[in-house]
Every structure is written in structure tokens, then in C-alpha cells.
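Participant: Take this structure first; my questions come after.
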Amino acid sequence: MADFLEKSKRYKVAGHIFEVSQGICEGFFAKFMDNYAPFVVDESSDVASASNLFAIKVEHSDEMPQYNEDVCQDEEGQQIHCGSIGEKAVFDFRLRGELTGMLICSKDYKEASLLIPNGTSFNLLKFAVNNSLMVLYAIASASCYTLLFHSAVVNYHGKGYMFLGKSGTGKSTHARLWLKYNEGSELLNDDNPVVRFFKDGENSYARVYGSPWSGKTPCYKNEDYPLGGFVLLAQAPFNEIKRLRGVMAYAAIVPHISGKRWESVIADGLHKTENLLAMNVPIWHLDCLPDEGAAKLCVANIAQDKKEP
Amino acid sequence: MRIKKGFVLREVCGEQVIMGEGVGALDFGKLLCLNETAAWLWKRAEEAGDWTVESLAEALCGEYDVDSARALADVKNIVAEWQKVNVLE
């Protein structure tokens, strides 16, 4: 019953809290945001007083404002048009050409509203909400040593291993091969995990976190692990793995990180973290077939320290 | 000549690297590693805004112990590389 009247909810993903308020319908959070349920902030706990990374309001609108377009990204039938209205940043999310929602952000990306055209279907509204939250999350956390990746990630004996690659390379397929052939593997996230870098005195380390965004696979785990390594996948008629270092390692991870890189403050934040990851986390290149041999070769090389005392 | 808008020099794992970050440079799709001299010239070119091969060569002579013919040849080579990857206008 409570959810019927609910106007807002807060979520915590990889330690960062955001607030979603809505004027769409009764039962909005149960209906459209079920994938966020494991991430709900317990408002009776200590984090209740913690501040928001950003807040977003979702509402219907008859009319979409005009804006100046800067950039358009097109991937697999999904388009994001980015632009501005004065100092405000605008993102409009389209699925096969149809507008699903328009996100309008304050200059510092702390406040945003998502306008949904009247009559938008269930699936398109969900698409707009998820995309808006991912865009805002990636941008608002860029200066906090936090990166939103496009990757499939498995937890193998308590460490996270992330598989990277262009669309269609077989990230999810390779993750499935680990689950099948490398005992002790579990899927942590299939599409959009979060990575954070920490510096604690002399000690620096990275952790990988599950998120409410997991592509086509419903795997919304609120869990996190030390990051064991990245593997950039490439399809090949054989299996071969090699370690990447320096600029090559950096180049392997950067294309798989979300953000608005053409805004220099955001680019600075992303680069700082990317550079630290390239210098501190093992990064590998795997030429592979979609077979057992690939999963076995990969684990034997990248998780070789697991048996050490 | 000018450096096209959207291209930046960053330090990556201890190396000096040019990358495309701005609107219009996003599809650059590569990282260009510069040696010490090239990175120094890039910074001068950024500061100058508009520049010529000759003006950069002159700056190079002022900074490093190199004769003007050698400086001009070096700058020409480096600028030709930048032109090849299309980061100048």
C-alpha cells in the first residue's frame, strides 16, 4: 500500500546515493524500477543522512523544449542526442527513432528532470529512466574516482574479472563460459558494472560493483569485490592471451567507459581514474573462440594468484 | 596553422599522448604518443593558438641547444605527422 503514495525513493549504487522523485503514477517504483530494489537506501540507517550525488524528477510532459544539439551517439538502434538549453545540459533518448524521454540537467548535474511524452509505453518509459540514470550517474560520479563501464563481470573466488569488447564481440558469451567451465564463478553484472579506485595511505586498490543496469540479463546484484583484472576480448580462430601495459592498457579500457568526454571537467575526472586503473590493475588482451578453451586459458593466466597463501 | 578544437595532450602511464575528446574529435579513435620534443612543441602550439612551422622552430631553438636548420627539419617532421592524423587545421 505504501508504494501507492510514494513520491520519492533513494538508491545507493557503489556507495553513491541518488534520489528519484516522480509524478508519473501510483506504484511507479514497483512497476518501473524493480531492478533498483536491491539498491534502496534504508532511511532508518546511518546512510539516511548522507547527501545525494544527484536528484532526478520524472514526469510527463505535453511539450518537449527545443535545444541546440552538439553530439549524437547511435548504437544498436538506440540514439542519444546531446545538447544544451543555455547552461543546462540536455540528453534525448530514442529507441529506433522514437523519443522516449528528455533529460534536462543543471550545470553541475546535481539536479535533473526527465520529461516523458504523454502516452509513452511501459518499455519505452523504462528505457528512458534507465538511460537517464546511467548518464547522470556516470557524469556526476566522474570526479569521485568512479567509472561506469560497459562490461560483463564475473566474481571468481571473491575477485571481480571484467570482460570488455565492442558490441557483439561476446562479452556475455565469455562470461557464460566462465560460469560453465570455471568452478567458483558467478555473474556479478552482465552489462554496466561500476568501478571505483581508492587510495588509502600507501595502499591503492580498485573495486567492482554490481548495479541496477545489466542489459538484457536481469542480474541486479548489490555486491562488490576487489577488481582482479580487465580482459579485452577479440574474436579469433584461436585462443591466445597477452598482458597489456602502459598506453596499450589505457587504450584497452577507455572506449568502454561512459561519460560526457567533450566537457573538459568530466574528461579530467574520467582520465585521472582511467590512468590509475591502467597503472594498478592487470589488463589483458584475449583473442578467442567462444569455447571452453578460451575460458580455461583466460582463468589460468589472469587468476593465477588465487592459490597463493 | 592551428590545433583542431577538441584534441588534448594528456599524461598516460608516464607518456605524453594526444587524444580526441571534444565535440568533432570524438571519432578520432586512437592515441598518439609523443616524444619529449613533440610534446614540448604541442604545448607551445596550444599556447600560441595560431602558429607556423617557422615560429615553432624558432621557439625550439630558444629552448634546446639546436641549430636552426636542424630545428626546422625536426618541426617539419613532427608537424607532418600531426597533419597525417588530421589534428591540425
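Identifiers for the C-alpha cells are assigned positionally: chains receive A, B, ... in sequence, residues are indexed from 1 per chain, and ligands are indexed from 1 in the order shown.
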As a PDB file with N, CA and C atoms, in the first residue's frame, please: every residue in chain B that a backbone DSSP assignment puts in alpha helix (DSSP H).
Facilitator:
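Saved the output as states15.pdb:
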ATOM      1  N   GLU B  36      59.497  13.606 -26.157  1.00  0.00           N
ATOM      2  CA  GLU B  36      59.625  14.803 -25.326  1.00  0.00           C
ATOM      3  C   GLU B  36      59.572  16.091 -26.170  1.00  0.00           C
ATOM      4  N   THR B  37      60.300  16.106 -27.284  1.00  0.00           N
ATOM      5  CA  THR B  37      60.336  17.300 -28.136  1.00  0.00           C
ATOM      6  C   THR B  37      58.962  17.595 -28.722  1.00  0.00           C
ATOM      7  N   ALA B  38      58.304  16.550 -29.231  1.00  0.00           N
ATOM      8  CA  ALA B  38      56.986  16.735 -29.840  1.00  0.00           C
ATOM      9  C   ALA B  38      55.979  17.240 -28.813  1.00  0.00           C
ATOM     10  N   ALA B  39      56.047  16.697 -27.583  1.00  0.00           N
ATOM     11  CA  ALA B  39      55.123  17.129 -26.530  1.00  0.00           C
ATOM     12  C   ALA B  39      55.379  18.597 -26.174  1.00  0.00           C
ATOM     13  N   TRP B  40      56.657  18.986 -26.148  1.00  0.00           N
ATOM     14  CA  TRP B  40      57.004  20.383 -25.845  1.00  0.00           C
ATOM     15  C   TRP B  40      56.451  21.298 -26.936  1.00  0.00           C
ATOM     16  N   LEU B  41      56.599  20.862 -28.207  1.00  0.00           N
ATOM     17  CA  LEU B  41      56.091  21.660 -29.329  1.00  0.00           C
ATOM     18  C   LEU B  41      54.562  21.765 -29.296  1.00  0.00           C
ATOM     19  N   TRP B  42      53.910  20.679 -28.923  1.00  0.00           N
ATOM     20  CA  TRP B  42      52.442  20.686 -28.851  1.00  0.00           C
ATOM     21  C   TRP B  42      51.968  21.740 -27.841  1.00  0.00           C
ATOM     22  N   LYS B  43      52.665  21.776 -26.690  1.00  0.00           N
ATOM     23  CA  LYS B  43      52.280  22.750 -25.657  1.00  0.00           C
ATOM     24  C   LYS B  43      52.488  24.184 -26.159  1.00  0.00           C
ATOM     25  N   ARG B  44      53.617  24.422 -26.901  1.00  0.00           N
ATOM     26  CA  ARG B  44      53.852  25.755 -27.466  1.00  0.00           C
ATOM     27  C   ARG B  44      52.759  26.089 -28.487  1.00  0.00           C
ATOM     28  N   ALA B  45      52.403  25.095 -29.303  1.00  0.00           N
ATOM     29  CA  ALA B  45      51.379  25.303 -30.329  1.00  0.00           C
ATOM     30  C   ALA B  45      50.030  25.618 -29.691  1.00  0.00           C
ATOM     31  N   GLU B  46      49.722  24.938 -28.579  1.00  0.00           N
ATOM     32  CA  GLU B  46      48.468  25.205 -27.853  1.00  0.00           C
ATOM     33  C   GLU B  46      48.448  26.638 -27.333  1.00  0.00           C
ATOM     34  N   GLU B  47      49.584  27.050 -26.736  1.00  0.00           N
ATOM     35  CA  GLU B  47      49.673  28.401 -26.164  1.00  0.00           C
ATOM     36  C   GLU B  47      49.543  29.461 -27.253  1.00  0.00           C
ATOM     37  N   ALA B  48      50.215  29.203 -28.387  1.00  0.00           N
ATOM     38  CA  ALA B  48      50.264  30.206 -29.455  1.00  0.00           C
ATOM     39  C   ALA B  48      48.905  30.362 -30.153  1.00  0.00           C
ATOM     40  N   VAL B  53      55.312  26.578 -38.957  1.00  0.00           N
ATOM     41  CA  VAL B  53      56.468  25.692 -38.744  1.00  0.00           C
ATOM     42  C   VAL B  53      57.665  26.533 -38.317  1.00  0.00           C
ATOM     43  N   GLU B  54      57.810  27.708 -38.955  1.00  0.00           N
ATOM     44  CA  GLU B  54      58.953  28.582 -38.653  1.00  0.00           C
ATOM     45  C   GLU B  54      58.888  29.111 -37.223  1.00  0.00           C
ATOM     46  N   SER B  55      57.701  29.523 -36.789  1.00  0.00           N
ATOM     47  CA  SER B  55      57.605  30.094 -35.440  1.00  0.00           C
ATOM     48  C   SER B  55      57.870  29.030 -34.384  1.00  0.00           C
ATOM     49  N   LEU B  56      57.427  27.788 -34.636  1.00  0.00           N
ATOM     50  CA  LEU B  56      57.712  26.702 -33.683  1.00  0.00           C
ATOM     51  C   LEU B  56      59.197  26.358 -33.681  1.00  0.00           C
ATOM     52  N   ALA B  57      59.823  26.370 -34.869  1.00  0.00           N
ATOM     53  CA  ALA B  57      61.256  26.057 -34.969  1.00  0.00           C
ATOM     54  C   ALA B  57      62.072  27.088 -34.188  1.00  0.00           C
ATOM     55  N   GLU B  58      61.651  28.338 -34.305  1.00  0.00           N
ATOM     56  CA  GLU B  58      62.331  29.412 -33.595  1.00  0.00           C
ATOM     57  C   GLU B  58      62.229  29.205 -32.077  1.00  0.00           C
ATOM     58  N   ALA B  59      61.026  28.835 -31.621  1.00  0.00           N
ATOM     59  CA  ALA B  59      60.815  28.566 -30.200  1.00  0.00           C
ATOM     60  C   ALA B  59      61.698  27.405 -29.741  1.00  0.00           C
ATOM     61  N   LEU B  60      61.799  26.386 -30.592  1.00  0.00           N
ATOM     62  CA  LEU B  60      62.594  25.195 -30.267  1.00  0.00           C
ATOM     63  C   LEU B  60      64.070  25.571 -30.083  1.00  0.00           C
ATOM     64  N   CYS B  61      64.564  26.448 -30.974  1.00  0.00           N
ATOM     65  CA  CYS B  61      65.957  26.911 -30.877  1.00  0.00           C
ATOM     66  C   CYS B  61      66.193  27.651 -29.570  1.00  0.00           C
ATOM     67  N   GLY B  62      65.181  28.394 -29.104  1.00  0.00           N
ATOM     68  CA  GLY B  62      65.307  29.152 -27.866  1.00  0.00           C
ATOM     69  C   GLY B  62      65.363  28.246 -26.645  1.00  0.00           C
ATOM     70  N   GLU B  63      64.756  27.058 -26.737  1.00  0.00           N
ATOM     71  CA  GLU B  63      64.665  26.164 -25.578  1.00  0.00           C
ATOM     72  C   GLU B  63      65.788  25.125 -25.559  1.00  0.00           C
ATOM     73  N   SER B  68      69.369  26.174 -36.240  1.00  0.00           N
ATOM     74  CA  SER B  68      68.050  26.489 -36.795  1.00  0.00           C
ATOM     75  C   SER B  68      67.656  25.556 -37.949  1.00  0.00           C
ATOM     76  N   ALA B  69      68.631  25.087 -38.728  1.00  0.00           N
ATOM     77  CA  ALA B  69      68.306  24.172 -39.833  1.00  0.00           C
ATOM     78  C   ALA B  69      67.756  22.854 -39.290  1.00  0.00           C
ATOM     79  N   ARG B  70      68.428  22.353 -38.249  1.00  0.00           N
ATOM     80  CA  ARG B  70      68.009  21.097 -37.621  1.00  0.00           C
ATOM     81  C   ARG B  70      66.623  21.250 -36.977  1.00  0.00           C
ATOM     82  N   ALA B  71      66.421  22.392 -36.281  1.00  0.00           N
ATOM     83  CA  ALA B  71      65.142  22.650 -35.623  1.00  0.00           C
ATOM     84  C   ALA B  71      64.013  22.685 -36.645  1.00  0.00           C
ATOM     85  N   LEU B  72      64.257  23.361 -37.760  1.00  0.00           N
ATOM     86  CA  LEU B  72      63.229  23.478 -38.803  1.00  0.00           C
ATOM     87  C   LEU B  72      62.873  22.094 -39.364  1.00  0.00           C
ATOM     88  N   ALA B  73      63.907  21.273 -39.590  1.00  0.00           N
ATOM     89  CA  ALA B  73      63.679  19.919 -40.121  1.00  0.00           C
ATOM     90  C   ALA B  73      62.873  19.077 -39.128  1.00  0.00           C
ATOM     91  N   ASP B  74      63.232  19.176 -37.838  1.00  0.00           N
ATOM     92  CA  ASP B  74      62.517  18.404 -36.806  1.00  0.00           C
ATOM     93  C   ASP B  74      61.053  18.815 -36.720  1.00  0.00           C
ATOM     94  N   VAL B  75      60.836  20.132 -36.682  1.00  0.00           N
ATOM     95  CA  VAL B  75      59.454  20.629 -36.560  1.00  0.00           C
ATOM     96  C   VAL B  75      58.645  20.200 -37.781  1.00  0.00           C
ATOM     97  N   LYS B  76      59.266  20.295 -38.980  1.00  0.00           N
ATOM     98  CA  LYS B  76      58.570  19.883 -40.208  1.00  0.00           C
ATOM     99  C   LYS B  76      58.105  18.434 -40.112  1.00  0.00           C
ATOM    100  N   ASN B  77      58.995  17.571 -39.639  1.00  0.00           N
ATOM    101  CA  ASN B  77      58.661  16.140 -39.497  1.00  0.00           C
ATOM    102  C   ASN B  77      57.500  15.915 -38.541  1.00  0.00           C
ATOM    103  N   ILE B  78      57.597  16.585 -37.389  1.00  0.00           N
ATOM    104  CA  ILE B  78      56.574  16.386 -36.360  1.00  0.00           C
ATOM    105  C   ILE B  78      55.226  16.923 -36.842  1.00  0.00           C
ATOM    106  N   VAL B  79      55.257  18.113 -37.449  1.00  0.00           N
ATOM    107  CA  VAL B  79      54.013  18.715 -37.940  1.00  0.00           C
ATOM    108  C   VAL B  79      53.406  17.849 -39.064  1.00  0.00           C
ATOM    109  N   ALA B  80      54.280  17.265 -39.891  1.00  0.00           N
ATOM    110  CA  ALA B  80      53.782  16.376 -40.956  1.00  0.00           C
ATOM    111  C   ALA B  80      53.045  15.180 -40.362  1.00  0.00           C
ATOM    112  N   GLU B  81      53.560  14.659 -39.244  1.00  0.00           N
ATOM    113  CA  GLU B  81      52.880  13.536 -38.565  1.00  0.00           C
ATOM    114  C   GLU B  81      51.521  13.953 -38.035  1.00  0.00           C
ATOM    115  N   TRP B  82      51.469  15.132 -37.452  1.00  0.00           N
ATOM    116  CA  TRP B  82      50.199  15.630 -36.919  1.00  0.00           C
ATOM    117  C   TRP B  82      49.184  15.822 -38.050  1.00  0.00           C
ATOM    118  N   GLN B  83      49.718  16.306 -39.193  1.00  0.00           N
ATOM    119  CA  GLN B  83      48.811  16.503 -40.327  1.00  0.00           C
ATOM    120  C   GLN B  83      48.283  15.172 -40.847  1.00  0.00           C
ATOM    121  N   LYS B  84      49.151  14.175 -40.831  1.00  0.00           N
ATOM    122  CA  LYS B  84      48.784  12.845 -41.325  1.00  0.00           C
ATOM    123  C   LYS B  84      47.589  12.284 -40.533  1.00  0.00           C
TER     124      LYS B  84
END
Participant: Please find the residues of chain A near chain B - the criterion being any atom within 7 Å, counting only C-alpha atoms - and write them as a list in words.
Facilitator: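 The selection requested is Asp70, Val71, Gly246, Val247, Arg261, Trp262, Asn275 and Met279 of chain A.
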Participant: Kindly save the residues from that selection, with C-alpha atoms included, as a short mmCIF file (atom, residue, chain, number, x, y, z; two decimals), in the first residue's frame.
Facilitator:
data_model
loop_
_atom_site.label_atom_id
_atom_site.label_comp_id
_atom_site.auth_asym_id
_atom_site.auth_seq_id
_atom_site.Cartn_x
_atom_site.Cartn_y
_atom_site.Cartn_z
CA ASP A 70 26.11 19.05 -30.02
CA VAL A 71 26.57 15.31 -30.40
CA GLY A 246 51.16 1.35 -20.26
CA VAL A 247 49.36 3.26 -23.02
CA ARG A 261 34.05 13.39 -22.52
CA TRP A 262 33.61 16.59 -24.51
CA ASN A 275 45.12 6.31 -15.75
CA MET A 279 48.84 1.58 -13.86
#
Participant: Which neighbours of Glu274 in chain A fall inside 12 Å, counting only C-alpha atoms, when residues of the same chain fewer than 2 positions from it are skipped, and could you give them as a ChimeraX atom specification?
Facilitator: /A:142-143,145-149,195-197,206,246-247,249-258,267-272,276-281,283 /B:10-13
Participant: For the residues in that selection, give me N, CA and C atoms as a compact mmCIF listing (two decimals), in the first residue's frame.
Facilitator:
# COMPACT_ATOMS: atom_id res chain seq x y z
N ALA A 142 32.00 11.22 -12.01
CA ALA A 142 33.28 11.21 -12.75
C ALA A 142 34.42 11.82 -11.93
N SER A 143 34.10 12.78 -11.07
CA SER A 143 35.16 13.42 -10.27
C SER A 143 35.40 12.68 -8.96
N TYR A 145 36.48 9.43 -8.61
CA TYR A 145 37.23 8.19 -8.87
C TYR A 145 36.28 7.01 -9.09
N THR A 146 35.22 7.27 -9.85
CA THR A 146 34.20 6.26 -10.11
C THR A 146 33.93 6.21 -11.60
N LEU A 147 33.85 4.99 -12.16
CA LEU A 147 33.61 4.83 -13.59
C LEU A 147 32.48 3.83 -13.83
N LEU A 148 31.57 4.18 -14.75
CA LEU A 148 30.52 3.25 -15.17
C LEU A 148 31.00 2.59 -16.46
N PHE A 149 31.15 1.27 -16.42
CA PHE A 149 31.70 0.53 -17.55
C PHE A 149 30.62 -0.12 -18.40
N VAL A 195 33.15 0.74 -11.34
CA VAL A 195 34.46 0.53 -10.75
C VAL A 195 34.86 1.78 -9.97
N ARG A 196 35.39 1.58 -8.78
CA ARG A 196 35.92 2.71 -8.00
C ARG A 196 37.37 2.46 -7.65
N PHE A 197 38.14 3.55 -7.60
CA PHE A 197 39.55 3.46 -7.23
C PHE A 197 39.73 4.16 -5.89
N ALA A 206 41.35 -1.13 -6.50
CA ALA A 206 40.10 -0.90 -7.21
C ALA A 206 39.08 -1.96 -6.79
N GLY A 246 50.98 -0.06 -19.89
CA GLY A 246 51.16 1.35 -20.26
C GLY A 246 50.01 1.87 -21.12
N VAL A 247 50.37 2.61 -22.17
CA VAL A 247 49.36 3.26 -23.02
C VAL A 247 48.42 2.23 -23.65
N ALA A 249 47.39 -0.55 -22.33
CA ALA A 249 46.43 -0.96 -21.30
C ALA A 249 45.35 0.12 -21.14
N TYR A 250 45.79 1.37 -21.11
CA TYR A 250 44.86 2.50 -21.01
C TYR A 250 43.89 2.49 -22.20
N ALA A 251 44.46 2.31 -23.40
CA ALA A 251 43.63 2.32 -24.62
C ALA A 251 42.62 1.18 -24.64
N ALA A 252 42.93 0.10 -23.94
CA ALA A 252 42.03 -1.06 -23.93
C ALA A 252 40.77 -0.78 -23.11
N ILE A 253 40.87 0.02 -22.05
CA ILE A 253 39.70 0.20 -21.18
C ILE A 253 38.87 1.45 -21.51
N VAL A 254 39.53 2.52 -21.98
CA VAL A 254 38.84 3.80 -22.14
C VAL A 254 37.58 3.76 -23.03
N PRO A 255 37.60 3.05 -24.17
CA PRO A 255 36.38 3.08 -25.01
C PRO A 255 35.16 2.43 -24.35
N HIS A 256 35.34 1.75 -23.23
CA HIS A 256 34.23 1.01 -22.61
C HIS A 256 33.72 1.69 -21.36
N ILE A 257 34.03 3.00 -21.25
CA ILE A 257 33.63 3.77 -20.08
C ILE A 257 32.68 4.88 -20.51
N SER A 258 31.56 5.03 -19.77
CA SER A 258 30.56 6.04 -20.12
C SER A 258 30.96 7.40 -19.59
N ALA A 267 35.93 15.06 -18.47
CA ALA A 267 37.03 14.30 -19.09
C ALA A 267 38.23 14.21 -18.15
N ASP A 268 38.53 15.31 -17.45
CA ASP A 268 39.66 15.30 -16.49
C ASP A 268 39.44 14.24 -15.41
N GLY A 269 38.22 14.19 -14.87
CA GLY A 269 37.89 13.22 -13.81
C GLY A 269 38.00 11.80 -14.32
N LEU A 270 37.44 11.54 -15.49
CA LEU A 270 37.49 10.19 -16.07
C LEU A 270 38.93 9.77 -16.31
N HIS A 271 39.71 10.68 -16.92
CA HIS A 271 41.10 10.35 -17.26
C HIS A 271 41.93 9.99 -16.03
N LYS A 272 41.75 10.77 -14.95
CA LYS A 272 42.50 10.53 -13.73
C LYS A 272 42.31 9.08 -13.24
N LEU A 276 44.90 5.71 -13.40
CA LEU A 276 45.23 4.94 -12.19
C LEU A 276 44.93 3.45 -12.39
N LEU A 277 43.81 3.16 -13.04
CA LEU A 277 43.47 1.76 -13.30
C LEU A 277 44.52 1.13 -14.22
N ALA A 278 44.91 1.86 -15.28
CA ALA A 278 45.88 1.31 -16.24
C ALA A 278 47.21 1.01 -15.56
N MET A 279 47.55 1.77 -14.53
CA MET A 279 48.84 1.58 -13.86
C MET A 279 48.76 0.57 -12.72
N ASN A 280 47.56 0.30 -12.20
CA ASN A 280 47.45 -0.52 -10.99
C ASN A 280 46.69 -1.83 -11.11
N VAL A 281 45.92 -1.99 -12.20
CA VAL A 281 45.11 -3.21 -12.34
C VAL A 281 45.61 -3.98 -13.57
N ILE A 283 45.66 -5.72 -16.99
CA ILE A 283 44.78 -5.61 -18.15
C ILE A 283 45.32 -6.55 -19.23
N ARG B 10 47.56 14.58 -22.90
CA ARG B 10 47.45 14.10 -21.52
C ARG B 10 48.60 13.17 -21.19
N GLU B 11 48.89 13.05 -19.88
CA GLU B 11 49.90 12.09 -19.46
C GLU B 11 49.23 10.76 -19.18
N VAL B 12 49.66 9.71 -19.89
CA VAL B 12 49.12 8.36 -19.72
C VAL B 12 50.26 7.43 -19.34
N CYS B 13 50.20 6.88 -18.14
CA CYS B 13 51.22 5.95 -17.66
C CYS B 13 52.63 6.50 -17.92
Participant: CA of Gly158 in chain A to CA of Gly184 in chain A: how many Å, to one decimal?
Facilitator: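 These two atoms are separated by 8.8 Å.
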Participant: Which of range 79-298 of chain A end up as strand (DSSP E or B) when DSSP is run on this backbone - answer as a PyMOL selection string?
Facilitator: chain A and resi 79-85+88-95+98-105+111-117+146-149+152-156+159-164+185-189+194-200+203-209+224-235+240-244+257+283-288
Participant: Near Lys9 in chain A, within 12 Å and counting only C-alpha atoms, which residues show up once chain neighbours fewer than 3 positions away are dropped, as JSON, numbers by chain?
Facilitator: {"A": [2, 3, 5, 6, 12, 17, 18, 19, 20, 21, 22, 27, 28, 29, 30, 33, 36, 37, 39, 40, 41, 42, 43, 48, 52, 55, 56, 57, 58]}
